[in-house]
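The file my_file-v3.txt comes next; it holds compact mmCIF, C-alpha atoms.
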# COMPACT_ATOMS: atom_id res chain seq x y z
CA MET A 202 0.00 0.00 0.00
CA SER A 203 1.15 3.54 -0.56
CA ASN A 204 2.14 5.46 2.53
CA THR A 205 -0.48 7.03 4.77
CA GLU A 206 -0.11 10.48 3.21
CA GLN A 207 -0.80 9.14 -0.28
CA ALA A 208 -3.42 6.51 0.57
CA LYS A 209 -6.97 7.25 -0.44
CA LYS A 210 -9.01 7.82 2.68
CA GLY A 211 -12.66 7.25 3.56
CA ILE A 212 -15.03 7.50 6.52
CA MET A 213 -17.12 4.66 7.95
CA ILE A 214 -19.90 5.30 10.50
CA CYS A 215 -20.75 2.14 12.45
CA GLY A 216 -24.22 1.91 13.95
CA HIS A 217 -26.15 -0.63 15.94
CA GLY A 218 -29.10 -1.08 13.61
CA SER A 219 -32.85 -1.20 14.12
CA ARG A 220 -35.89 -3.00 12.82
CA ASP A 221 -37.52 0.42 12.70
CA LYS A 222 -37.15 1.77 9.18
CA ASP A 223 -37.41 5.36 10.41
CA ALA A 224 -34.31 4.75 12.53
CA GLU A 225 -32.42 3.46 9.48
CA ARG A 226 -33.40 6.54 7.50
CA GLU A 227 -32.36 8.88 10.31
CA PHE A 228 -28.96 7.22 10.59
CA GLY A 229 -28.53 7.88 6.90
CA LEU A 230 -29.15 11.59 7.59
CA VAL A 231 -26.12 11.64 9.90
CA ALA A 232 -23.98 10.15 7.12
CA LYS A 233 -25.34 12.78 4.75
CA GLY A 234 -24.52 15.55 7.23
CA LEU A 235 -20.99 14.24 7.74
CA LYS A 236 -20.47 13.98 3.98
CA GLU A 237 -21.21 17.71 3.77
CA ARG A 238 -18.39 18.32 6.27
CA PHE A 239 -15.93 16.13 4.34
CA PRO A 240 -16.93 16.59 0.68
CA GLU A 241 -13.57 15.30 -0.56
CA LEU A 242 -13.88 11.91 1.18
CA PRO A 243 -16.19 8.94 0.56
CA VAL A 244 -18.53 8.47 3.54
CA GLU A 245 -20.36 5.20 4.13
CA TYR A 246 -22.33 3.75 7.02
CA GLY A 247 -23.45 0.33 8.16
CA PHE A 248 -25.07 -1.53 11.02
CA LEU A 249 -24.14 -4.38 13.33
CA GLU A 250 -27.51 -6.04 13.01
CA PHE A 251 -31.13 -5.84 11.84
CA SER A 252 -30.52 -3.27 9.11
CA ALA A 253 -28.95 -2.90 5.71
CA PRO A 254 -26.33 -1.97 4.83
CA ASN A 255 -24.42 -3.91 7.43
CA ILE A 256 -20.91 -2.79 8.35
CA HIS A 257 -19.30 -5.21 5.89
CA MET A 258 -21.33 -3.70 3.05
CA GLY A 259 -20.22 -0.19 3.94
CA LEU A 260 -16.60 -1.30 4.14
CA ASN A 261 -16.94 -3.11 0.81
CA SER A 262 -18.25 0.08 -0.77
CA LEU A 263 -15.26 2.07 0.48
CA LEU A 264 -12.90 -0.63 -0.76
CA SER A 265 -14.54 -0.60 -4.20
CA GLN A 266 -13.91 3.16 -4.35
CA GLY A 267 -10.19 2.57 -3.91
CA VAL A 268 -10.03 3.52 -0.24
CA GLU A 269 -6.97 2.17 1.59
CA GLU A 270 -7.20 4.13 4.85
CA ILE A 271 -10.54 4.04 6.69
CA TYR A 272 -11.53 6.30 9.56
CA ALA A 273 -14.21 4.31 11.41
CA VAL A 274 -16.31 5.93 14.13
CA PRO A 275 -18.99 4.33 16.31
CA GLY A 276 -22.37 5.98 15.88
CA MET A 277 -23.10 5.48 19.55
CA LEU A 278 -23.56 7.82 22.48
CA PHE A 279 -21.58 5.86 25.06
CA ALA A 280 -19.03 3.06 25.03
CA ALA A 281 -20.92 -0.07 26.07
CA THR A 282 -20.56 -3.58 24.64
CA HIS A 283 -21.31 -2.72 21.01
CA ALA A 284 -18.71 0.06 20.80
CA LYS A 285 -16.14 -1.76 22.96
CA ASN A 286 -16.36 -5.26 21.54
CA ASP A 287 -18.72 -5.85 18.63
CA ILE A 288 -17.68 -3.12 16.21
CA PRO A 289 -13.92 -3.65 16.81
CA SER A 290 -14.51 -7.35 16.19
CA VAL A 291 -16.09 -6.63 12.79
CA LEU A 292 -13.38 -4.13 11.83
CA THR A 293 -10.50 -6.36 12.96
CA THR A 294 -11.82 -9.33 11.02
CA TYR A 295 -12.39 -7.24 7.90
CA GLU A 296 -8.93 -5.66 8.04
CA GLU A 297 -7.29 -9.08 8.42
CA LYS A 298 -9.08 -10.33 5.31
CA ASN A 299 -8.05 -7.37 3.15
CA ALA A 300 -4.30 -7.01 2.85
CA GLY A 301 -3.12 -3.43 2.46
CA LEU A 302 -6.17 -1.95 4.15
CA HIS A 303 -5.74 0.08 7.33
CA ILE A 304 -8.69 0.89 9.61
CA THR A 305 -8.43 3.33 12.50
CA TYR A 306 -11.26 3.19 14.99
CA GLY A 307 -12.31 6.37 16.77
CA ARG A 308 -14.14 7.19 19.98
CA GLU A 309 -17.82 7.04 20.83
CA LEU A 310 -19.64 10.38 20.78
CA GLY A 311 -19.49 10.68 24.56
CA LEU A 312 -20.24 13.81 26.54
CA GLN A 313 -18.70 16.30 24.16
CA ASP A 314 -19.86 19.89 24.55
CA ASP A 315 -21.53 19.57 21.15
CA MET A 316 -23.61 16.60 22.29
CA ILE A 317 -24.62 18.33 25.52
CA GLU A 318 -25.60 21.48 23.66
CA ALA A 319 -27.61 19.49 21.11
CA PHE A 320 -29.47 17.77 23.93
CA GLN A 321 -30.14 21.07 25.71
CA ALA A 322 -31.37 22.62 22.48
CA ARG A 323 -33.88 19.80 22.02
CA ILE A 324 -35.11 20.31 25.60
CA TYR A 325 -35.50 24.08 25.14
CA GLU A 326 -37.34 23.51 21.86
CA SER A 327 -39.77 21.08 23.50
CA LEU A 328 -40.53 23.77 26.10
CA GLY A 329 -41.19 26.32 23.35
CA LEU A 330 -38.04 28.26 24.25
CA ASP A 331 -35.26 29.65 22.08
CA PRO A 332 -32.01 27.74 22.76
CA GLU A 333 -30.10 30.89 21.80
CA ASN A 334 -31.98 33.02 24.33
CA PRO A 335 -32.81 30.69 27.25
CA PRO A 336 -34.36 31.71 30.57
CA GLU A 337 -32.13 32.16 33.60
CA ASN A 338 -33.61 29.08 35.24
CA LEU A 339 -36.39 26.52 35.14
CA TYR A 340 -36.86 26.07 38.87
CA ASP A 341 -40.54 25.18 38.49
CA THR A 342 -39.78 22.22 36.25
CA LEU A 343 -38.51 18.66 36.84
CA LEU A 344 -36.18 17.14 34.24
CA VAL A 345 -36.20 13.38 33.73
CA VAL A 346 -33.44 12.15 31.41
CA VAL A 347 -34.04 8.71 29.90
CA GLY A 348 -30.81 6.84 29.26
CA ARG A 349 -30.26 3.66 27.31
CA GLY A 350 -29.82 1.32 30.24
CA THR A 351 -27.14 -1.31 29.71
CA SER A 352 -25.26 -3.90 31.71
CA ASP A 353 -22.19 -1.62 31.43
CA THR A 354 -21.87 0.36 34.67
CA GLY A 355 -19.72 3.05 33.06
CA ALA A 356 -22.22 3.73 30.28
CA ASN A 357 -25.05 4.01 32.83
CA ALA A 358 -22.93 6.41 34.87
CA GLU A 359 -22.31 8.62 31.84
CA ALA A 360 -26.08 9.09 31.44
CA ALA A 361 -26.32 10.15 35.08
CA LYS A 362 -23.39 12.53 34.60
CA LEU A 363 -25.14 14.05 31.60
CA THR A 364 -28.23 14.67 33.72
CA ARG A 365 -26.21 16.58 36.31
CA ILE A 366 -24.43 18.70 33.69
CA VAL A 367 -27.66 19.62 31.90
CA ASN A 368 -29.40 20.35 35.20
CA GLU A 369 -26.71 22.79 36.27
CA ASN A 370 -26.51 24.40 32.84
CA MET A 371 -30.27 24.91 32.49
CA GLY A 372 -31.26 25.36 36.14
CA PHE A 373 -34.11 22.88 36.62
CA GLY A 374 -35.81 22.58 39.96
CA TRP A 375 -34.67 18.98 40.11
CA ALA A 376 -33.39 16.36 37.70
CA ASP A 377 -32.91 12.63 37.73
CA THR A 378 -32.14 9.75 35.41
CA VAL A 379 -34.27 6.75 34.49
CA TYR A 380 -33.37 4.04 32.01
CA SER A 381 -35.02 2.08 29.22
CA GLY A 382 -33.01 -1.11 29.33
CA VAL A 383 -31.64 -3.73 31.70
CA THR A 384 -30.68 -1.42 34.55
CA TYR A 385 -32.69 0.54 37.10
CA PRO A 386 -34.76 2.59 37.75
CA SER A 387 -36.97 1.82 34.77
CA VAL A 388 -39.03 4.56 33.14
CA GLY A 389 -42.38 3.75 34.70
CA VAL A 390 -41.35 3.24 38.32
CA GLY A 391 -38.84 6.08 38.04
CA LEU A 392 -41.53 8.54 36.96
CA GLU A 393 -43.90 7.31 39.66
CA ASN A 394 -41.31 8.00 42.36
CA LEU A 395 -40.25 11.37 40.94
CA MET A 396 -43.84 12.60 40.78
CA LYS A 397 -43.85 12.45 44.58
CA LEU A 398 -41.60 15.53 44.54
CA GLY A 399 -44.69 17.56 43.65
CA TYR A 400 -43.63 19.27 40.40
CA LYS A 401 -46.51 20.27 38.14
CA ARG A 402 -44.37 20.32 34.99
CA ILE A 403 -42.14 17.38 34.08
CA VAL A 404 -39.90 17.23 31.02
CA VAL A 405 -39.03 13.71 29.86
CA ALA A 406 -35.96 13.87 27.61
CA PRO A 407 -34.63 10.66 26.00
CA TYR A 408 -30.90 10.80 25.33
CA PHE A 409 -31.10 8.77 22.14
CA LEU A 410 -29.78 9.49 18.66
CA PHE A 411 -32.67 8.04 16.67
CA THR A 412 -36.19 6.72 16.87
CA GLY A 413 -36.89 3.02 17.28
CA ARG A 414 -38.87 0.70 19.46
CA LEU A 415 -37.25 1.94 22.65
CA ILE A 416 -38.28 5.51 21.88
CA LYS A 417 -41.82 4.35 21.12
CA ARG A 418 -41.91 2.36 24.34
CA ILE A 419 -40.75 5.42 26.32
CA GLN A 420 -43.42 7.56 24.67
CA GLY A 421 -46.01 4.92 25.52
CA TYR A 422 -45.03 4.96 29.18
CA VAL A 423 -45.12 8.74 29.40
CA GLU A 424 -48.53 8.90 27.73
CA LYS A 425 -49.84 6.26 30.14
CA VAL A 426 -48.52 8.09 33.21
CA ALA A 427 -49.73 11.46 31.92
CA LYS A 428 -53.24 10.10 31.39
CA GLU A 429 -53.28 8.81 34.96
CA ASN A 430 -52.01 12.14 36.34
CA PRO A 431 -53.90 14.93 34.51
CA ALA A 432 -52.87 17.59 37.05
CA ILE A 433 -49.24 17.32 35.90
CA GLU A 434 -48.02 18.71 32.57
CA PHE A 435 -45.76 16.18 30.86
CA ILE A 436 -43.52 17.45 28.06
CA GLN A 437 -41.78 14.93 25.79
CA THR A 438 -38.50 16.11 24.31
CA PRO A 439 -37.58 14.82 20.83
CA TYR A 440 -34.52 12.59 20.49
CA LEU A 441 -31.32 14.09 19.06
CA SER A 442 -31.50 12.93 15.41
CA ASP A 443 -29.26 14.88 13.01
CA HIS A 444 -29.11 18.11 15.02
CA PRO A 445 -26.24 20.24 13.61
CA ARG A 446 -24.33 19.94 16.88
CA VAL A 447 -24.59 16.14 16.63
CA ILE A 448 -22.96 16.33 13.21
CA ASP A 449 -20.31 18.57 14.79
CA ALA A 450 -19.66 15.85 17.36
CA PHE A 451 -19.21 13.19 14.66
CA GLN A 452 -16.90 15.55 12.79
CA ASN A 453 -14.81 16.00 15.93
CA ARG A 454 -14.34 12.25 16.26
CA VAL A 455 -13.22 11.89 12.64
CA GLU A 456 -10.81 14.80 12.96
CA GLU A 457 -9.30 13.23 16.08
CA ILE A 458 -8.31 10.25 13.95
CA MET A 459 -7.01 12.43 11.13
CA GLN A 460 -4.85 14.45 13.50
CA GLY A 461 -3.52 11.41 15.34
CA GLU A 462 -4.94 12.51 18.66
CA LEU A 463 -6.10 8.98 19.45
CA GLN A 464 -2.52 7.86 20.05
CA THR A 465 -2.08 10.06 23.11
CA GLY A 466 -3.65 9.95 26.54
CA GLU A 467 -5.99 7.14 27.50
CA GLU A 468 -6.30 3.76 25.80
CA THR A 469 -8.32 3.78 22.58
CA LEU A 470 -11.35 1.55 22.06
CA MET A 471 -9.46 -0.53 19.50
CA ASN A 472 -6.34 -0.88 21.65
CA SER A 473 -8.51 -1.90 24.58
CA PHE A 474 -10.27 -4.48 22.41
CA LYS A 475 -6.99 -5.94 21.12
CA ARG A 476 -5.51 -6.08 24.63
CA ARG A 477 -8.56 -7.92 25.95
CA LEU A 478 -8.62 -10.14 22.86
CA ALA A 479 -5.02 -11.17 23.48
CA ALA A 480 -5.89 -11.88 27.11
CA GLY A 481 -8.76 -14.13 26.04
CA GLU A 482 -11.39 -11.86 27.54
CA VAL A 483 -13.30 -11.35 24.26
CA ASP A 484 -13.71 -13.24 21.01
CA VAL A 485 -13.51 -12.31 17.35
CA HIS A 486 -16.36 -14.01 15.52
CA HIS A 487 -14.72 -14.83 12.24
CA HIS A 488 -17.77 -16.48 10.73
CA HIS A 489 -20.08 -13.61 11.44
CA ALA A 490 -19.23 -10.82 13.83
CA GLU A 491 -22.62 -9.17 13.55
CA PHE A 492 -24.82 -10.90 16.07
CA VAL A 493 -27.96 -10.55 18.12
CA ASP A 494 -27.68 -10.15 21.87
CA PRO A 495 -30.81 -11.63 23.49
CA GLN A 496 -30.14 -9.39 26.49
CA ASP A 497 -30.63 -6.38 24.21
CA ASP A 498 -34.34 -5.67 24.07
CA THR A 499 -33.92 -2.76 21.68
CA GLN A 500 -35.80 -4.15 18.74
CA GLY A 501 -38.22 -6.87 19.73
CA LEU A 502 -38.83 -9.95 17.61
CA SER A 503 -38.67 -9.94 13.85
CA ASP A 504 -41.09 -12.02 11.78
CA PHE A 505 -38.25 -14.52 11.37
CA ASP A 506 -37.76 -14.71 15.13
CA VAL A 507 -41.46 -15.31 15.75
CA LYS A 508 -41.62 -18.09 13.16
CA HIS A 509 -38.55 -19.78 14.60
CA ALA A 510 -39.20 -19.21 18.29
CA THR A 511 -40.09 -21.88 20.78
CA PHE A 512 -42.64 -21.50 23.52
CA SER A 513 -41.20 -22.64 26.85
CA ALA A 514 -43.67 -24.36 29.13
CA THR A 515 -42.00 -25.11 32.44
CA ASP A 516 -42.92 -24.58 36.04
CA ASN A 517 -40.80 -21.43 36.19
CA LYS A 518 -41.15 -19.95 32.70
CA PRO A 519 -44.71 -19.30 31.48
CA SER A 520 -45.73 -20.58 28.07
CA SER A 521 -46.25 -17.01 26.87
CA VAL A 522 -42.52 -16.32 26.87
CA LEU A 523 -40.96 -16.38 23.45
CA THR A 524 -37.42 -17.69 23.24
CA PRO A 525 -35.85 -16.63 19.93
CA GLN A 526 -33.71 -19.36 18.52
CA ALA A 527 -32.09 -17.34 15.78
CA HIS A 528 -32.12 -14.04 13.99
CA SER A 529 -32.04 -13.31 10.30
CA HIS A 530 -29.26 -11.47 8.52
CA SER A 531 -28.82 -11.18 4.77
CA HIS A 532 -26.13 -13.62 3.71
CA GLY A 533 -25.81 -16.52 1.37
CA HIS A 534 -26.53 -19.47 3.63
CA ASP A 535 -28.16 -20.64 6.79
CA HIS A 536 -25.66 -20.59 9.58
CA SER A 537 -26.60 -20.47 13.24
CA HIS A 538 -24.27 -20.00 16.19
CA ASP A 539 -25.03 -20.22 19.84
CA HIS A 540 -22.35 -18.57 21.95
CA SER A 541 -22.15 -18.55 25.70
CA HIS A 542 -19.65 -16.16 27.24
CA GLY A 543 -17.95 -18.58 29.54
CA HIS A 544 -15.08 -20.89 28.75
CA SER A 545 -16.92 -23.02 26.29
CA HIS A 546 -18.61 -22.28 22.99
CA SER A 547 -20.90 -24.43 20.96
CA HIS A 548 -21.61 -24.05 17.27
CA ASP A 549 -24.53 -25.52 15.44
CA HIS A 550 -24.19 -25.17 11.68
CA SER A 551 -27.20 -25.96 9.56
CA HIS A 552 -27.50 -25.55 5.82
CA GLY A 553 -30.99 -25.69 4.40
CA HIS A 554 -33.02 -24.33 1.54
CA SER A 555 -36.06 -22.75 3.09
CA HIS A 556 -34.11 -19.67 4.18
CA SER A 557 -31.27 -19.65 1.73
CA HIS A 558 -30.70 -15.90 2.08
CA ASP A 559 -30.61 -15.74 5.84
CA HIS A 560 -27.65 -15.89 8.16
CA SER A 561 -28.73 -16.48 11.72
CA HIS A 562 -26.62 -15.88 14.77
CA GLY A 563 -27.71 -16.04 18.39
CA HIS A 564 -25.39 -14.66 21.03
CA SER A 565 -25.79 -15.01 24.79
CA HIS A 566 -24.26 -12.85 27.51
CA GLY A 567 -24.15 -13.22 31.26
CA VAL A 568 -27.16 -11.97 33.17
CA TYR A 569 -26.88 -8.40 34.47
CA LYS A 570 -26.24 -8.75 38.21
CA HIS A 571 -29.05 -6.34 39.19
CA ILE A 572 -31.62 -7.74 36.77
CA GLY A 573 -33.85 -8.58 39.75
CA HIS A 574 -33.72 -5.08 41.27
CA PRO A 575 -37.20 -4.14 42.58
CA MET A 576 -37.10 -0.86 40.59
CA GLY A 577 -35.57 -2.38 37.47
CA PRO A 578 -36.92 -3.96 34.26
CA ARG A 579 -39.15 -6.37 36.16
CA THR A 580 -41.42 -3.41 36.91
CA MET A 581 -42.23 -3.25 33.19
CA ILE A 582 -43.66 -6.77 33.02
CA GLY A 583 -47.31 -6.47 32.08
CA GLU A 584 -46.86 -2.83 31.11
CA GLY A 585 -46.83 -3.17 27.35
CA ILE A 586 -43.25 -4.37 26.75
CA CYS A 587 -42.17 -6.68 23.95
CA CYS A 588 -42.25 -10.43 24.62
CA CYS A 589 -38.55 -10.73 23.77
CA PHE A 590 -37.75 -8.42 26.66
CA MET A 591 -38.74 -11.29 28.93
CA GLY A 592 -35.64 -13.21 27.88
CA GLN A 593 -33.59 -10.99 30.20
CA PHE A 594 -35.05 -12.54 33.31
CA THR A 595 -34.10 -15.63 35.26
CA ASP A 596 -36.66 -18.35 35.79
CA GLU A 597 -36.90 -17.29 39.43
CA ILE A 598 -37.88 -13.72 38.54
CA LEU A 599 -40.39 -14.90 35.96
CA ALA A 600 -41.96 -17.18 38.57
CA GLU A 601 -42.18 -14.29 41.04
CA GLU A 602 -43.78 -12.01 38.44
CA LYS A 603 -45.99 -14.62 36.74
CA ASP A 604 -49.20 -12.84 37.71
CA LYS A 605 -48.14 -9.74 35.74
CA ILE A 606 -47.19 -11.49 32.53
CA ASP A 607 -49.43 -10.66 29.58
CA SER A 608 -49.97 -13.72 27.42
CA ASP A 609 -50.65 -11.55 24.39
CA CYS A 610 -47.81 -9.04 24.68
CA THR A 611 -47.10 -9.09 20.95
CA LYS A 612 -50.32 -7.12 20.50
CA THR A 613 -50.10 -4.91 23.56
CA ALA A 614 -46.47 -3.76 23.51
CA PHE A 615 -46.11 0.03 23.33
CA ALA A 616 -43.36 -0.33 20.76
CA HIS A 617 -45.75 -1.97 18.30
CA LYS A 618 -48.66 0.44 18.69

For the structure just supplied, provide its representation as structure tokens.
Amino acid sequence: MSNTEQAKKGIMICGHGSRDKDAEREFGLVAKGLKERFPELPVEYGFLEFSAPNIHMGLNSLLSQGVEEIYAVPGMLFAATHAKNDIPSVLTTYEEKNAGLHITYGRELGLQDDMIEAFQARIYESLGLDPENPPENLYDTLLVVVGRGTSDTGANAEAAKLTRIVNENMGFGWADTVYSGVTYPSVGVGLENLMKLGYKRIVVAPYFLFTGRLIKRIQGYVEKVAKENPAIEFIQTPYLSDHPRVIDAFQNRVEEIMQGELQTGEETLMNSFKRRLAAGEVDVHHHHAEFVDPQDDTQGLSDFDVKHATFSATDNKPSSVLTPQAHSHSHGHDHSHDHSHGHSHSHDHSHGHSHSHDHSHGHSHGVYKHIGHPMGPRTMIGEGICCCFMGQFTDEILAEEKDKIDSDCTKTAFAHK
């Protein structure tokens, strides 16, 4: 390959993916905005799962355009499992298979000033205020930030840190963080507790880049709580989408790579991944690095999942609980993996004809240690969540909550309404 100065360069934005087509379209708007900032460079994007193009397709497109040096950035707010492990796994595998190609992996968006200001602007807009001429304070208003709850303590902590920064910047009467994911407090129980503070105006602001089933579930919860509490004004803040300051934040991450700033200071996401890979703490999935995490309730069940799910009927797990056996990705053959993150892995390869264009890959992670927290996800059982969300829980929790389980949750889930 020619040296770095002469190599043709390109930008790759790596997203999670969604079964919500609006989310796919909105991610494309970010790529479009970044292309406007770097008109001289090819810009592609791709997803880990659910959506097309996947990351391989985006990388293939850059390669076909003669790109030899790729600046890859995670299209994610915080560094949880996808940004730390899954995307580096895809990039590492791809780079190994394409001699002469060099991929540099940048940082997650994080709590850059641009991201904070974009979030604050969305909040001001939802209140009917001018972000460029804000009031001195909002002491009569409660702010509830909704984070993407994960099993990663650091990522959860970043959402709480964001809440404190925004609260001090904007001067709310009080602010707190709830989560839509595996951690606690969940949206519903969190709102119920915060209403006890007595505020008559509550702003619910999801710190999410795009729409999707989680956003729709959050909106469903807020609408439900608002209907039950008509004396309180609930204001729903739009998610970030392609706000100009969000594009600024992506631009910053690309320019960090260009200027070599990733080589100084703290360990980069890619260096961390390679160190942990060498230590045997993570795996590179050479067959298919883009996988589905059953612990991740982001998207619910696809039609493929429903058709290929089994219905467990045991003493501890009600028959209404769907257990997805596989998930569909567009590839040339059937190929299912079942990984367990311990010391052993099992692979089950099946080649058939009925789904000749699907590539299925299940992937199992350890159970989040606070999954049974009394203010956590279990509080959402029977409250319009997707059936697949139930896969997070142990048999013991499901037995304890059996009276709340809706046997027809595929029709009642907020995310599907």

> Which of these, A:Pro289, A:Gly234, A:Gly211, A:Gly216, has the shortest distance to A:Ser265 once you count only C-alpha atoms?
Replying inline: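 Among the listed residues, the smallest separation from A:Ser265 belongs to A:Gly211.
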
> Counting only C-alpha atoms, which of A:Leu343, A:Val405, A:Ala450, A:Leu478 gets nearest to A:Tyr380?
Replying inline: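 Among A:Leu343, A:Val405, A:Ala450, A:Leu478, it is A:Val405 that comes nearest to A:Tyr380.
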
>> Can you tell me which residues surround A:Tyr408 at a distance of at most 8 Å, considering only C-alpha atoms, apart from same-chain residues fewer than 3 positions away, and format the answer as a list in words?
In response: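 Residues near the query, excluding close chain neighbours: Phe320, Val346, Val347, Gly348, Arg349, Ala360, Tyr440 and Leu441 of chain A.
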
> Mind pulling up the distance from atom CA of A:Ser252 to atom CA of A:Gly583?
Replying inline: 28.6 Å

>> Counting all atoms listed in the file, which residue out of A:Ile366, A:Val291, A:Leu398, A:Met581 sits closest to A:Ile419?
In response: A:Met581

Could I get stretch 474-481 of chain A rebuilt with all heavy atoms, written as a PDB file, keeping the file's coordinate frame?
ATOM      1  N   PHE A 474      -9.722  -3.238  22.947  1.00  0.00           N
ATOM      2  CA  PHE A 474     -10.270  -4.480  22.410  1.00  0.00           C
ATOM      3  C   PHE A 474      -9.149  -5.482  22.127  1.00  0.00           C
ATOM      4  O   PHE A 474      -9.236  -6.656  22.511  1.00  0.00           O
ATOM      5  CB  PHE A 474     -11.056  -4.199  21.124  1.00  0.00           C
ATOM      6  CG  PHE A 474     -11.485  -5.444  20.396  1.00  0.00           C
ATOM      7  CD1 PHE A 474     -12.553  -6.205  20.859  1.00  0.00           C
ATOM      8  CD2 PHE A 474     -10.817  -5.867  19.253  1.00  0.00           C
ATOM      9  CE1 PHE A 474     -12.947  -7.358  20.202  1.00  0.00           C
ATOM     10  CE2 PHE A 474     -11.206  -7.020  18.593  1.00  0.00           C
ATOM     11  CZ  PHE A 474     -12.274  -7.769  19.063  1.00  0.00           C
ATOM     12  N   LYS A 475      -8.079  -5.027  21.479  1.00  0.00           N
ATOM     13  CA  LYS A 475      -6.990  -5.940  21.120  1.00  0.00           C
ATOM     14  C   LYS A 475      -6.271  -6.473  22.359  1.00  0.00           C
ATOM     15  O   LYS A 475      -5.844  -7.629  22.393  1.00  0.00           O
ATOM     16  CB  LYS A 475      -6.016  -5.237  20.175  1.00  0.00           C
ATOM     17  CG  LYS A 475      -6.617  -5.009  18.787  1.00  0.00           C
ATOM     18  CD  LYS A 475      -5.635  -4.370  17.825  1.00  0.00           C
ATOM     19  CE  LYS A 475      -6.250  -4.266  16.422  1.00  0.00           C
ATOM     20  NZ  LYS A 475      -5.331  -3.627  15.453  1.00  0.00           N
ATOM     21  N   ARG A 476      -6.144  -5.628  23.374  1.00  0.00           N
ATOM     22  CA  ARG A 476      -5.510  -6.080  24.630  1.00  0.00           C
ATOM     23  C   ARG A 476      -6.371  -7.167  25.267  1.00  0.00           C
ATOM     24  O   ARG A 476      -5.855  -8.214  25.689  1.00  0.00           O
ATOM     25  CB  ARG A 476      -5.336  -4.903  25.579  1.00  0.00           C
ATOM     26  CG  ARG A 476      -4.874  -5.307  26.983  1.00  0.00           C
ATOM     27  CD  ARG A 476      -4.730  -4.109  27.904  1.00  0.00           C
ATOM     28  NE  ARG A 476      -5.948  -3.324  28.021  1.00  0.00           N
ATOM     29  CZ  ARG A 476      -7.003  -3.674  28.758  1.00  0.00           C
ATOM     30  NH1 ARG A 476      -6.999  -4.826  29.424  1.00  0.00           N
ATOM     31  NH2 ARG A 476      -8.074  -2.893  28.823  1.00  0.00           N
ATOM     32  N   ARG A 477      -7.682  -6.943  25.337  1.00  0.00           N
ATOM     33  CA  ARG A 477      -8.560  -7.920  25.950  1.00  0.00           C
ATOM     34  C   ARG A 477      -8.705  -9.173  25.086  1.00  0.00           C
ATOM     35  O   ARG A 477      -8.881 -10.280  25.597  1.00  0.00           O
ATOM     36  CB  ARG A 477      -9.935  -7.284  26.221  1.00  0.00           C
ATOM     37  CG  ARG A 477      -9.873  -6.266  27.366  1.00  0.00           C
ATOM     38  CD  ARG A 477     -11.197  -5.583  27.634  1.00  0.00           C
ATOM     39  NE  ARG A 477     -11.558  -4.654  26.559  1.00  0.00           N
ATOM     40  CZ  ARG A 477     -12.578  -4.806  25.752  1.00  0.00           C
ATOM     41  NH1 ARG A 477     -13.372  -5.870  25.864  1.00  0.00           N
ATOM     42  NH2 ARG A 477     -12.837  -3.923  24.811  1.00  0.00           N
ATOM     43  N   LEU A 478      -8.600  -8.993  23.765  1.00  0.00           N
ATOM     44  CA  LEU A 478      -8.620 -10.140  22.860  1.00  0.00           C
ATOM     45  C   LEU A 478      -7.417 -11.034  23.108  1.00  0.00           C
ATOM     46  O   LEU A 478      -7.532 -12.260  23.215  1.00  0.00           O
ATOM     47  CB  LEU A 478      -8.638  -9.655  21.406  1.00  0.00           C
ATOM     48  CG  LEU A 478      -8.688 -10.736  20.317  1.00  0.00           C
ATOM     49  CD1 LEU A 478     -10.014 -11.477  20.361  1.00  0.00           C
ATOM     50  CD2 LEU A 478      -8.473 -10.114  18.945  1.00  0.00           C
ATOM     51  N   ALA A 479      -6.248 -10.414  23.229  1.00  0.00           N
ATOM     52  CA  ALA A 479      -5.020 -11.170  23.480  1.00  0.00           C
ATOM     53  C   ALA A 479      -5.064 -11.890  24.826  1.00  0.00           C
ATOM     54  O   ALA A 479      -4.491 -12.964  24.998  1.00  0.00           O
ATOM     55  CB  ALA A 479      -3.812 -10.228  23.436  1.00  0.00           C
ATOM     56  N   ALA A 480      -5.778 -11.288  25.783  1.00  0.00           N
ATOM     57  CA  ALA A 480      -5.890 -11.880  27.110  1.00  0.00           C
ATOM     58  C   ALA A 480      -6.996 -12.935  27.187  1.00  0.00           C
ATOM     59  O   ALA A 480      -7.211 -13.539  28.234  1.00  0.00           O
ATOM     60  CB  ALA A 480      -6.151 -10.781  28.146  1.00  0.00           C
ATOM     61  N   GLY A 481      -7.694 -13.139  26.074  1.00  0.00           N
ATOM     62  CA  GLY A 481      -8.760 -14.130  26.040  1.00  0.00           C
ATOM     63  C   GLY A 481     -10.048 -13.690  26.688  1.00  0.00           C
ATOM     64  O   GLY A 481     -10.920 -14.507  26.986  1.00  0.00           O
TER      65      GLY A 481
END
